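Containing mmCIF, C-alpha atoms and all ligand atoms: upload38.cif.
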```cif
data_structure
loop_
_atom_site.group_PDB
_atom_site.id
_atom_site.type_symbol
_atom_site.label_atom_id
_atom_site.label_comp_id
_atom_site.auth_asym_id
_atom_site.auth_seq_id
_atom_site.Cartn_x
_atom_site.Cartn_y
_atom_site.Cartn_z
ATOM 1 C CA MET A 209 87.695 94.692 111.359
ATOM 2 C CA ARG A 210 88.461 91.004 111.488
ATOM 3 C CA ASP A 211 84.843 89.937 111.459
ATOM 4 C CA GLU A 212 81.564 91.553 112.229
ATOM 5 C CA LYS A 213 80.796 89.608 115.410
ATOM 6 C CA LYS A 214 84.091 90.543 116.919
ATOM 7 C CA MET A 215 83.639 94.148 115.877
ATOM 8 C CA GLY A 216 80.270 94.327 117.573
ATOM 9 C CA LYS A 217 81.964 93.594 120.879
ATOM 10 C CA ALA A 218 84.708 96.072 120.203
ATOM 11 C CA LYS A 219 82.322 98.970 119.753
ATOM 12 C CA SER A 220 81.734 99.402 123.426
ATOM 13 C CA LYS A 221 85.298 99.458 124.655
ATOM 14 C CA SER A 222 88.874 99.714 123.595
ATOM 15 C CA LYS A 223 91.864 98.274 125.330
ATOM 16 C CA ALA A 224 92.728 101.801 126.364
ATOM 17 C CA ASN A 225 94.629 101.917 129.575
ATOM 18 C CA GLY A 226 97.222 104.631 129.146
ATOM 19 C CA ALA A 227 99.247 102.671 131.656
ATOM 20 C CA GLU A 228 102.975 102.354 131.805
ATOM 21 C CA PRO A 229 104.346 98.925 130.933
ATOM 22 C CA GLU A 230 106.078 97.124 133.741
ATOM 23 C CA ALA A 231 109.618 98.308 134.218
ATOM 24 C CA GLY A 232 112.090 95.987 132.548
ATOM 25 C CA SER A 233 109.402 94.185 130.594
ATOM 26 C CA SER A 234 110.748 93.152 127.212
ATOM 27 C CA VAL A 235 107.980 90.782 126.187
ATOM 28 C CA ILE A 236 104.807 92.022 124.517
ATOM 29 C CA ALA A 237 102.050 90.164 126.331
ATOM 30 C CA PRO A 238 99.408 88.673 124.070
ATOM 31 C CA PRO A 239 96.235 90.794 124.252
ATOM 32 C CA PRO A 240 92.888 89.226 125.200
ATOM 33 C CA SER A 241 91.693 89.887 121.650
ATOM 34 C CA LEU A 242 93.475 91.049 118.553
ATOM 35 C CA PRO A 243 93.720 94.798 118.060
ATOM 36 C CA LEU A 244 94.125 96.073 114.507
ATOM 37 C CA VAL A 245 95.396 99.498 115.515
ATOM 38 C CA ALA A 246 97.774 100.543 118.278
ATOM 39 C CA VAL A 247 97.542 104.038 119.716
ATOM 40 C CA ILE A 248 100.823 104.681 121.460
ATOM 41 C CA MET A 249 102.214 107.804 123.065
ATOM 42 C CA GLY A 250 105.411 108.940 124.676
ATOM 43 C CA SER A 251 103.877 109.895 128.002
ATOM 44 C CA LYS A 252 100.691 109.645 129.976
ATOM 45 C CA SER A 253 100.539 113.424 129.592
ATOM 46 C CA ASP A 254 99.815 112.859 125.876
ATOM 47 C CA TRP A 255 96.583 111.021 126.618
ATOM 48 C CA GLU A 256 94.374 114.140 126.605
ATOM 49 C CA THR A 257 95.356 114.518 122.948
ATOM 50 C CA MET A 258 95.577 110.871 121.955
ATOM 51 C CA ARG A 259 92.269 109.927 123.513
ATOM 52 C CA HIS A 260 90.646 111.570 120.487
ATOM 53 C CA ALA A 261 92.248 108.920 118.285
ATOM 54 C CA ALA A 262 90.985 106.180 120.578
ATOM 55 C CA GLU A 263 87.491 107.675 120.746
ATOM 56 C CA THR A 264 87.322 107.872 116.957
ATOM 57 C CA LEU A 265 88.414 104.258 116.558
ATOM 58 C CA THR A 266 85.798 103.228 119.105
ATOM 59 C CA ARG A 267 83.160 105.179 117.184
ATOM 60 C CA PHE A 268 83.995 103.136 114.092
ATOM 61 C CA GLY A 269 84.124 99.868 116.016
ATOM 62 C CA VAL A 270 87.791 99.243 115.293
ATOM 63 C CA GLU A 271 89.621 97.018 117.749
ATOM 64 C CA HIS A 272 92.542 98.911 119.199
ATOM 65 C CA GLU A 273 94.898 99.128 122.117
ATOM 66 C CA CYS A 274 96.389 102.172 123.833
ATOM 67 C CA ARG A 275 99.793 102.187 125.478
ATOM 68 C CA VAL A 276 102.486 104.485 126.773
ATOM 69 C CA VAL A 277 105.673 103.611 124.879
ATOM 70 C CA SER A 278 108.525 106.084 125.089
ATOM 71 C CA ALA A 279 111.416 106.369 122.654
ATOM 72 C CA HIS A 280 113.502 107.981 125.393
ATOM 73 C CA ARG A 281 112.325 106.472 128.669
ATOM 74 C CA THR A 282 111.628 102.907 127.477
ATOM 75 C CA PRO A 283 113.769 102.589 124.324
ATOM 76 C CA GLY A 284 114.253 98.838 124.508
ATOM 77 C CA TRP A 285 110.584 98.198 125.158
ATOM 78 C CA MET A 286 109.689 100.525 122.282
ATOM 79 C CA ALA A 287 111.870 98.491 119.917
ATOM 80 C CA ASP A 288 110.337 95.229 121.163
ATOM 81 C CA PHE A 289 106.858 96.639 120.637
ATOM 82 C CA ALA A 290 107.610 97.801 117.098
ATOM 83 C CA VAL A 291 109.334 94.578 116.062
ATOM 84 C CA ALA A 292 106.428 92.510 117.411
ATOM 85 C CA ALA A 293 103.727 94.692 115.809
ATOM 86 C CA GLU A 294 103.363 92.856 112.491
ATOM 87 C CA GLY A 295 103.335 89.418 114.099
ATOM 88 C CA ARG A 296 100.659 90.553 116.526
ATOM 89 C CA GLY A 297 98.404 91.483 113.592
ATOM 90 C CA LEU A 298 98.566 95.247 113.955
ATOM 91 C CA LYS A 299 97.695 96.969 110.678
ATOM 92 C CA VAL A 300 98.341 100.584 111.673
ATOM 93 C CA ILE A 301 100.269 102.236 114.502
ATOM 94 C CA ILE A 302 99.238 105.728 115.599
ATOM 95 C CA ALA A 303 102.080 107.292 117.562
ATOM 96 C CA GLY A 304 101.744 110.584 119.410
ATOM 97 C CA ALA A 305 104.616 112.457 120.994
ATOM 98 C CA GLY A 306 105.586 115.960 122.013
ATOM 99 C CA GLY A 307 108.756 118.004 122.108
ATOM 100 C CA ALA A 308 111.709 115.986 120.827
ATOM 101 C CA ALA A 309 109.128 113.662 119.366
ATOM 102 C CA HIS A 310 111.185 110.679 118.250
ATOM 103 C CA LEU A 311 108.623 107.961 118.962
ATOM 104 C CA PRO A 312 106.855 107.782 115.565
ATOM 105 C CA GLY A 313 110.080 107.766 113.584
ATOM 106 C CA MET A 314 111.860 105.254 115.796
ATOM 107 C CA VAL A 315 108.872 102.915 115.766
ATOM 108 C CA ALA A 316 108.702 103.239 111.973
ATOM 109 C CA ALA A 317 112.381 102.328 111.780
ATOM 110 C CA HIS A 318 111.626 98.982 113.426
ATOM 111 C CA THR A 319 108.558 97.892 111.441
ATOM 112 C CA THR A 320 106.901 98.031 108.022
ATOM 113 C CA VAL A 321 103.465 98.445 109.613
ATOM 114 C CA PRO A 322 102.264 101.938 108.587
ATOM 115 C CA VAL A 323 102.964 104.553 111.266
ATOM 116 C CA LEU A 324 100.887 107.716 111.597
ATOM 117 C CA GLY A 325 102.503 110.420 113.710
ATOM 118 C CA VAL A 326 100.584 112.890 115.841
ATOM 119 C CA PRO A 327 102.508 115.940 117.077
ATOM 120 C CA VAL A 328 101.349 116.655 120.618
ATOM 121 C CA GLU A 329 101.147 120.324 121.584
ATOM 122 C CA SER A 330 104.157 120.937 123.793
ATOM 123 C CA ARG A 331 104.137 123.444 126.609
ATOM 124 C CA VAL A 332 107.082 125.600 125.514
ATOM 125 C CA LEU A 333 106.855 125.635 121.714
ATOM 126 C CA ARG A 334 103.143 124.840 121.249
ATOM 127 C CA GLY A 335 103.843 121.670 119.287
ATOM 128 C CA VAL A 336 105.855 123.183 116.459
ATOM 129 C CA ASP A 337 108.860 121.289 117.825
ATOM 130 C CA SER A 338 106.789 118.073 117.856
ATOM 131 C CA LEU A 339 105.611 118.652 114.295
ATOM 132 C CA LEU A 340 109.071 119.290 112.897
ATOM 133 C CA SER A 341 110.531 116.340 114.802
ATOM 134 C CA ILE A 342 107.960 113.965 113.351
ATOM 135 C CA VAL A 343 107.557 115.289 109.824
ATOM 136 C CA GLN A 344 111.208 115.519 108.757
ATOM 137 C CA MET A 345 111.895 111.837 108.286
ATOM 138 C CA PRO A 346 114.700 110.798 105.964
ATOM 139 C CA ALA A 347 113.678 109.180 102.674
ATOM 140 C CA GLY A 348 113.172 105.469 103.178
ATOM 141 C CA ILE A 349 111.453 105.470 106.586
ATOM 142 C CA PRO A 350 108.062 107.163 106.193
ATOM 143 C CA VAL A 351 105.814 108.487 108.941
ATOM 144 C CA GLY A 352 102.447 109.877 107.876
ATOM 145 C CA THR A 353 102.383 113.101 109.869
ATOM 146 C CA LEU A 354 99.143 114.700 110.976
ATOM 147 C CA ALA A 355 98.245 118.109 112.368
ATOM 148 C CA ILE A 356 99.293 119.240 115.835
ATOM 149 C CA GLY A 357 96.972 118.230 118.641
ATOM 150 C CA GLN A 358 93.389 117.010 118.734
ATOM 151 C CA ALA A 359 92.720 117.420 114.999
ATOM 152 C CA GLY A 360 95.784 115.331 114.237
ATOM 153 C CA ALA A 361 94.767 112.606 116.656
ATOM 154 C CA THR A 362 91.250 112.438 115.253
ATOM 155 C CA ASN A 363 92.467 112.439 111.666
ATOM 156 C CA ALA A 364 95.088 109.780 112.373
ATOM 157 C CA ALA A 365 92.269 107.512 113.486
ATOM 158 C CA LEU A 366 90.184 108.397 110.426
ATOM 159 C CA LEU A 367 93.152 107.586 108.189
ATOM 160 C CA ALA A 368 93.628 104.293 110.007
ATOM 161 C CA VAL A 369 89.959 103.520 109.386
ATOM 162 C CA ALA A 370 90.383 104.415 105.704
ATOM 163 C CA ILE A 371 93.396 102.091 105.435
ATOM 164 C CA LEU A 372 91.481 99.234 107.031
ATOM 165 C CA ALA A 373 88.467 100.019 104.839
ATOM 166 C CA ASN A 374 90.474 99.018 101.767
ATOM 167 C CA GLU A 375 89.822 95.445 102.873
ATOM 168 C CA ASP A 376 86.499 95.948 104.612
ATOM 169 C CA GLU A 377 83.414 97.246 102.814
ATOM 170 C CA THR A 378 81.418 97.557 106.053
ATOM 171 C CA LEU A 379 84.008 99.915 107.427
ATOM 172 C CA ARG A 380 84.038 101.834 104.127
ATOM 173 C CA GLU A 381 80.284 102.385 104.447
ATOM 174 C CA ARG A 382 80.731 103.643 108.006
ATOM 175 C CA LEU A 383 83.229 106.179 106.697
ATOM 176 C CA ARG A 384 80.790 107.308 104.008
ATOM 177 C CA GLU A 385 78.071 107.676 106.611
ATOM 178 C CA PHE A 386 80.413 109.693 108.827
ATOM 179 C CA ARG A 387 81.096 112.068 105.940
ATOM 180 C CA ARG A 388 77.383 112.377 105.198
ATOM 181 C CA GLU A 389 76.642 113.264 108.827
ATOM 182 C CA GLN A 390 79.473 115.768 108.897
ATOM 183 C CA GLU A 391 78.233 117.450 105.737
ATOM 184 C CA GLN A 392 74.691 117.580 107.051
ATOM 185 C CA GLN A 393 75.825 119.208 110.291
ATOM 186 C CA ALA A 394 77.785 121.847 108.378
ATOM 187 C CA ARG A 395 74.887 122.584 106.043
ATOM 188 C CA GLU A 396 72.470 122.908 108.937
ATOM 189 C CA SER A 397 74.696 125.253 110.899
ATOM 190 C CA THR A 398 73.020 128.483 111.876
ATOM 191 C CA LEU A 399 74.798 131.648 112.919
ATOM 192 C CA GLU A 400 73.695 134.362 115.289
ATOM 193 C CA GLN A 401 72.169 137.265 113.370
ATOM 194 C CA LEU A 402 73.918 140.542 114.232
HETATM 195 C C1 LIG B 1 107.488 113.266 125.127
HETATM 196 O O1 LIG B 1 107.779 114.226 126.072
HETATM 197 C C2 LIG B 1 106.070 112.881 125.365
HETATM 198 O O2 LIG B 1 105.489 112.459 124.190
HETATM 199 C C3 LIG B 1 105.441 114.129 125.918
HETATM 200 O O3 LIG B 1 104.675 114.810 124.936
HETATM 201 C C4 LIG B 1 106.615 114.979 126.337
HETATM 202 C C5 LIG B 1 106.567 115.390 127.780
HETATM 203 O O4 LIG B 1 106.434 114.248 128.581
HETATM 204 P P1 LIG B 1 106.157 114.384 130.138
HETATM 205 O O5 LIG B 1 107.326 115.117 130.712
HETATM 206 O O6 LIG B 1 104.869 115.151 130.289
HETATM 207 O O7 LIG B 1 106.036 112.966 130.645
HETATM 208 O O8 LIG B 1 108.320 112.161 125.231
#
```

Translate the structure of the given file into structure tokens.
Ligand code: RP5
Amino acid sequence: MRDEKKMGKAKSKSKANGAEPEAGSSVIAPPPSLPLVAVIMGSKSDWETMRHAAETLTRFGVEHECRVVSAHRTPGWMADFAVAAEGRGLKVIIAGAGGAAHLPGMVAAHTTVPVLGVPVESRVLRGVDSLLSIVQMPAGIPVGTLAIGQAGATNAALLAVAILANEDETLRERLREFRREQEQQARESTLEQL
């Protein structure tokens, strides 16, 4: 969070659009406000998974943007996005991709902003291909790889919040509160008596 007033506004909406960038666009347009986290994905078809990252960031009031950026279909635009990330003030990039999931690794190769990779469940191989593509980075270019699918997307956002919370005590307290609520729900769970 940059400041509390700004965060208050951000709680209600993200800059989620899931929209394709304009063909041939090589300039990253300045956003109306400054997102701290980017949620990017290789295809619009990844949104059903990646929306869980966006929803979690919204829950914590973290300014973020959501974009389709493809390592294969928009390689030049992907490189422009990654190179511009630090200068735009992004602190974490969450990148989801499926199949030959090169997006997280290729983005990480172009920036020192931390990249968290979410393997999207692919149709043919159920996301195992995505997982192996993302997790097996060569030493020197790290991608923090999460679980396949919704859990990975949610946890990527929670990790992004934890990273930002290192510099933001308000956000740290929201994380603690989230854990308390989660624990309470688990402890209060009741099961059908057989
Ligand atoms: C990857 O290819 C995307 O991340 C997506 O998971 C997968 C399939 O893309 P579509 O064919 O559904 O656009 O680049």

> Expanded to explicit residues, what is the PyMOL selection byres (((not hetatm)) within 8 of (chain B and resi 1)) for this file, as a list in words?
Replying inline: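 With the shown file as input, the PyMOL selection byres (((not hetatm)) within 8 of (chain B and resi 1)) matches Met249, Gly250, Ser251, Lys252, Ser253, Asp254, Ser278, Ala279, His280, Arg281, Gly304, Ala305, Gly306, Gly307, Ala308, Ala309, His310, Leu311, Val328, Glu329 and Ser330 of chain A.
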
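Residues lying within 10 Å of Ile371 (chain A), counting only C-alpha atoms and ignoring same-chain neighbours fewer than 5 positions away, are Lys299, Val300, Pro322, Ala365, Leu366, Asp376, Leu379 and Arg380 of chain A.
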
> Which of these, A:Gly357, A:Pro350, A:Pro327, A:Pro312, has the shortest distance to Ile248 (chain A) once you count all atoms listed in the file?
Replying inline: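 Checking each of A:Gly357, A:Pro350, A:Pro327, A:Pro312 against Ile248 (chain A), counting all atoms listed in the file, the winner is A:Pro312.
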
Within 9 Å of Ala262 (chain A), counting all atoms listed in the file, which residues qualify if same-chain residues fewer than 5 places away don't, as a short mmCIF file (atom, residue, chain, number, x, y, z; two decimals) with C-alpha atoms, in the coordinates of the input?
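What ended up in result.cif:
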```
data_model
loop_
_atom_site.label_atom_id
_atom_site.label_comp_id
_atom_site.auth_asym_id
_atom_site.auth_seq_id
_atom_site.Cartn_x
_atom_site.Cartn_y
_atom_site.Cartn_z
CA SER A 222 88.87 99.71 123.60
CA ALA A 224 92.73 101.80 126.36
CA VAL A 247 97.54 104.04 119.72
CA ARG A 267 83.16 105.18 117.18
CA HIS A 272 92.54 98.91 119.20
CA GLU A 273 94.90 99.13 122.12
CA CYS A 274 96.39 102.17 123.83
CA ALA A 361 94.77 112.61 116.66
CA THR A 362 91.25 112.44 115.25
CA ALA A 365 92.27 107.51 113.49
#
```

>> Can you pull out the residues contacting Ile302 (chain A)? Cut-off 7 Å, using all atoms listed in the file, and skip same-chain residues under 4 positions away; I want them as a PyMOL selection string.
In response: chain A and resi 246-248+323-325+364

Return the padded bounding box of region 352-357 of chain A as lines of an AutoDock Vina configuration file: axis-aligned, built from all atoms listed in the file, 8 Å added on each side, with centre and edge lengths in Å to one decimal.
```
center_x = 99.7
center_y = 114.6
center_z = 113.3
size_x = 21.5
size_y = 25.4
size_z = 26.8
```

>> Excluding Thr319 (chain A) and its own-chain neighbours fewer than 2 positions away, which residues fall within 6 Å of it when counting only C-alpha atoms? Please give them as number ranges by chain.
In response: A: 290-291, 316-317, 321

> Neighbours of Arg382 (chain A) within 10 Å (only C-alpha atoms; same-chain residues fewer than 2 positions away dropped), as a list in words?
Replying inline: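 Skipping anything fewer than 2 positions along the chain leaves Arg267, Phe268, Gly269, Val369, Ala370, Ala373, Glu377, Thr378, Leu379, Arg380, Arg384, Glu385, Phe386, Arg387 and Arg388 of chain A.
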
> What gap, in Å, lies between CA of Ile349 (chain A) and CA of Gly313 (chain A)?
Replying inline: 7.5 Å

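Across the model, the gap from CA of His318 (chain A) to CA of Glu263 (chain A) is 26.7 Å.
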
> What separation in Å, quoted to one decimal, exists between CA of Met314 (chain A) and CA of Arg334 (chain A)?
Replying inline: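 Atom-to-atom, CA of Met314 (chain A) and CA of Arg334 (chain A) are spaced 22.1 Å apart.
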
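With distances restricted to only C-alpha atoms, A:Val326 is the closest residue to Leu339 (chain A) from A:Val351, A:Leu399, A:Met258, A:Val326.
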
> From the set A:Ala368, A:Val336, A:Phe289, A:Ser341, which residue has the shortest atom-to-atom contact distance to Ile356 (chain A), counting only C-alpha atoms?
Replying inline: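 Closest residue, counting only C-alpha atoms: A:Val336.
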